[in-house]
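These notes are about the structure you will find just below.
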Amino acid sequence: MTVMEKEDKYLMGQIEDKISQAEAGYMVTSTGFLDPHSHSLAERVCKSTGTAGITKVFTGGYEEAERVIMVCLPDYADLAETEEELLMVIEAKSKPGSRQLRHGDYLGSLTGLGLDRSVIGDILVRPDGADIIVLREIAEFLMTNYAKAGKSELTLREKSIRELIIPEGTKTEQSDTVASLRLDNIVASAFGLSRANAQEAIRRGIVFVNSREVLKTDSPVEEGDRIVLRGKGRVAIKEIGGTSRKGRIYVRFIIWS
């Protein structure tokens with residue numbers, strides 16, 4: 001068994017424990033933040049584990065969050081209230097005139113404090129600063145100890161998850177034709193890759209369809225599907241049209257950068 005397989009098995013065991021604890025104690029349980037691969041593993045466990053009176057939900061504080069926590073909710077619990085209890089936003093701003101900070105500047109400075117990545121969710125960067133989604137349990141620590149990102153001094157403010165500011169990404173549209181609606185064809189077309197490179201990316205587990213890891217290159221895709229290629233970006237299939245005279249299928253994408 002490889003190191004990665006051992007780590008996956010350990011994570012799946014943790015997910016099973018959270019579900020069992022919620023059912024046995026009829027209480028809310030939750031994980032730390034999961035990356036897309038871990039999210040897919042957790043969903044696999046959820047589907048294979050039946051529970052009475054418990055709902056299993058994944059949330060990162062907003063609809064398109066990349067990093068999410070799994071929450072097990074008894075019938076009496078409300079998701080919105082639970083999110084407020086579990087998640088917090090730290091708004092970080094640098095001094096006027098400072099270099100505009102990037103995602104890596106914030107993440108590097110946070111992990112430099114000795115924080116595990118599982119307590120940090122998405123970091124939403126905008127020109128005047130960033131909203132950093134974190135587990136509420138570390139908010140006080142950050143307010144006391146997080147002072148600098150890159151070489152810039154930071155001003156911090158605690159915010160409710162409901163005050164999260166989601167930056168508007170640059171959105172463009174692109175049309176193309178594909179031989180079929182297989183995932184490898186769509187990934188190759190949308191991200192400008194060869195089909196062989198698209199297939200390799202899918203097999204490596206870095207392609208996600210509607211937030212789920214997909215490992216089969218011939219998996220079918222549909223209009224409305226959202227596809228993420230880790231490290232490259234995300235697209236949505238806006239429209240699937242008719243076929244060309246050569247039998248190729250017209251596809252229109254929305255691309256976020």
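We label chains A, B, ... in the order they appear in the structure tokens, count residues from 1 in each chain, and number ligands from 1 in the order shown.
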Contacts of Ala190 of chain A within 8 Å, only C-alpha atoms, excl. fewer than 3 positions in-chain, as a ChimeraX atom specification:
/A:186-187,193,235,253,255
So what do you get for atom CA of Ile240 of chain A versus atom CA of Arg67 of chain A, distance-wise?
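Atom-to-atom, atom CA of Ile240 of chain A and atom CA of Arg67 of chain A are spaced 29.1 Å apart.
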Kindly assemble as a Markdown table a list of the segment 47-117 of chain A residues that lie within 12 Å of segment 166-176 of chain A, each paired with its nearest atom pair and their distance in Å to one decimal, using only C-alpha atoms, sorted first by chain and then by ascending residue number.
| residue | atom | partner | partner_atom | distance |
| --- | --- | --- | --- | --- |
| A:Gly61 | CA | A:Ile166 | CA | 10.4 |
| A:Tyr62 | CA | A:Ile166 | CA | 8.4 |
| A:Glu63 | CA | A:Ile166 | CA | 10.2 |
| A:Glu64 | CA | A:Ile166 | CA | 9.9 |
| A:Ala65 | CA | A:Ile166 | CA | 10.1 |
| A:Val89 | CA | A:Ile166 | CA | 11.7 |
| A:Glu91 | CA | A:Ile166 | CA | 11.9 |
Could the residues in this selection be written to a file with C-alpha atoms, as a PDB file, in the first residue's frame?
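Below is the file again-v6.pdb, written as the result:
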ATOM      1  CA  GLY A  61     -19.182  28.918   3.385  1.00  0.00           C
ATOM      2  CA  TYR A  62     -20.346  29.671  -0.160  1.00  0.00           C
ATOM      3  CA  GLU A  63     -21.710  27.717  -3.105  1.00  0.00           C
ATOM      4  CA  GLU A  64     -18.571  27.223  -5.186  1.00  0.00           C
ATOM      5  CA  ALA A  65     -16.059  26.697  -2.374  1.00  0.00           C
ATOM      6  CA  VAL A  89     -14.033  34.910   8.107  1.00  0.00           C
ATOM      7  CA  GLU A  91     -10.656  39.887   6.587  1.00  0.00           C
TER       8      GLU A  91
END
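Within segment 55-187 of chain A, the backbone-based DSSP assignment of alpha helix (DSSP H) covers Leu79, Ala80, Glu81, Thr82, Glu83, Glu84, Glu85, Leu86, His103, Gly104, Asp105, Tyr106, Leu107, Gly108, Ser109, Leu110, Thr111, Ala139, Glu140, Phe141, Leu142, Met143, Thr144, Asn145, Leu183, Asp184, Asn185, Ile186 and Val187 of chain A.
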Would you export the selected residues with N, CA, C and O atoms as a short mmCIF file (atom, residue, chain, number, x, y, z; two decimals), in the first residue's frame, please?
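The result, stored in out.cif:
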data_model
loop_
_atom_site.label_atom_id
_atom_site.label_comp_id
_atom_site.auth_asym_id
_atom_site.auth_seq_id
_atom_site.Cartn_x
_atom_site.Cartn_y
_atom_site.Cartn_z
N LEU A 79 -28.67 24.10 9.08
CA LEU A 79 -27.37 24.23 8.42
C LEU A 79 -26.82 25.65 8.53
O LEU A 79 -25.64 25.84 8.83
N ALA A 80 -27.65 26.65 8.28
CA ALA A 80 -27.18 28.04 8.31
C ALA A 80 -26.64 28.40 9.70
O ALA A 80 -25.58 29.02 9.82
N GLU A 81 -27.35 28.01 10.73
CA GLU A 81 -26.89 28.30 12.09
C GLU A 81 -25.61 27.53 12.40
O GLU A 81 -24.71 28.05 13.06
N THR A 82 -25.53 26.30 11.92
CA THR A 82 -24.34 25.48 12.17
C THR A 82 -23.12 26.06 11.47
O THR A 82 -22.02 26.08 12.03
N GLU A 83 -23.32 26.55 10.24
CA GLU A 83 -22.22 27.22 9.54
C GLU A 83 -21.69 28.40 10.33
O GLU A 83 -20.48 28.60 10.44
N GLU A 84 -22.59 29.18 10.88
CA GLU A 84 -22.20 30.35 11.69
C GLU A 84 -21.39 29.91 12.91
O GLU A 84 -20.46 30.60 13.33
N GLU A 85 -21.74 28.76 13.48
CA GLU A 85 -21.06 28.28 14.67
C GLU A 85 -19.69 27.69 14.35
O GLU A 85 -18.77 27.76 15.16
N LEU A 86 -19.54 27.12 13.15
CA LEU A 86 -18.30 26.41 12.81
C LEU A 86 -17.31 27.25 12.02
O LEU A 86 -16.10 27.06 12.15
N HIS A 103 -2.70 34.96 -3.48
CA HIS A 103 -3.17 33.82 -2.69
C HIS A 103 -2.01 33.15 -1.96
O HIS A 103 -2.10 32.85 -0.76
N GLY A 104 -0.90 32.93 -2.66
CA GLY A 104 0.25 32.27 -2.06
C GLY A 104 0.87 33.05 -0.91
O GLY A 104 1.42 32.46 0.02
N ASP A 105 0.79 34.38 -0.98
CA ASP A 105 1.32 35.20 0.11
C ASP A 105 0.54 34.94 1.40
O ASP A 105 1.11 34.77 2.47
N TYR A 106 -0.79 34.92 1.26
CA TYR A 106 -1.62 34.68 2.44
C TYR A 106 -1.44 33.25 2.96
O TYR A 106 -1.25 33.04 4.16
N LEU A 107 -1.51 32.28 2.06
CA LEU A 107 -1.42 30.89 2.49
C LEU A 107 -0.07 30.59 3.12
O LEU A 107 0.02 29.94 4.16
N GLY A 108 1.00 31.09 2.50
CA GLY A 108 2.33 30.85 3.03
C GLY A 108 2.52 31.43 4.42
O GLY A 108 3.12 30.80 5.31
N SER A 109 1.98 32.62 4.64
CA SER A 109 2.12 33.25 5.95
C SER A 109 1.27 32.55 7.00
O SER A 109 1.64 32.46 8.18
N LEU A 110 0.14 32.00 6.60
CA LEU A 110 -0.72 31.28 7.54
C LEU A 110 -0.09 29.95 7.97
O LEU A 110 -0.03 29.63 9.15
N THR A 111 0.38 29.19 6.99
CA THR A 111 1.02 27.92 7.34
C THR A 111 2.34 28.16 8.08
O THR A 111 2.78 27.32 8.86
N ALA A 139 -9.93 31.41 15.10
CA ALA A 139 -10.07 32.84 14.82
C ALA A 139 -9.35 33.70 15.85
O ALA A 139 -8.64 34.65 15.49
N GLU A 140 -9.48 33.38 17.12
CA GLU A 140 -8.84 34.18 18.16
C GLU A 140 -7.32 34.12 18.03
O GLU A 140 -6.63 35.14 18.18
N PHE A 141 -6.80 32.92 17.72
CA PHE A 141 -5.35 32.77 17.53
C PHE A 141 -4.86 33.66 16.40
O PHE A 141 -3.83 34.34 16.52
N LEU A 142 -5.59 33.69 15.30
CA LEU A 142 -5.18 34.51 14.16
C LEU A 142 -5.24 35.99 14.48
O LEU A 142 -4.34 36.75 14.11
N MET A 143 -6.28 36.40 15.15
CA MET A 143 -6.40 37.82 15.49
C MET A 143 -5.26 38.29 16.38
O MET A 143 -4.86 39.46 16.35
N THR A 144 -4.68 37.37 17.12
CA THR A 144 -3.58 37.71 18.01
C THR A 144 -2.21 37.58 17.35
O THR A 144 -1.30 38.38 17.60
N ASN A 145 -2.06 36.59 16.46
CA ASN A 145 -0.73 36.24 15.96
C ASN A 145 -0.49 36.50 14.47
O ASN A 145 0.66 36.49 14.03
N LEU A 183 -15.40 12.92 -21.08
CA LEU A 183 -14.72 13.89 -20.24
C LEU A 183 -13.37 14.28 -20.81
O LEU A 183 -12.99 15.46 -20.79
N ASP A 184 -12.60 13.32 -21.34
CA ASP A 184 -11.26 13.66 -21.84
C ASP A 184 -11.34 14.62 -23.02
O ASP A 184 -10.53 15.55 -23.14
N ASN A 185 -12.32 14.46 -23.88
CA ASN A 185 -12.49 15.38 -25.00
C ASN A 185 -12.83 16.78 -24.52
O ASN A 185 -12.30 17.79 -25.02
N ILE A 186 -13.72 16.86 -23.54
CA ILE A 186 -14.16 18.16 -23.03
C ILE A 186 -13.01 18.87 -22.31
O ILE A 186 -12.79 20.08 -22.50
N VAL A 187 -12.26 18.15 -21.48
CA VAL A 187 -11.13 18.75 -20.76
C VAL A 187 -10.08 19.23 -21.74
O VAL A 187 -9.53 20.33 -21.60
#
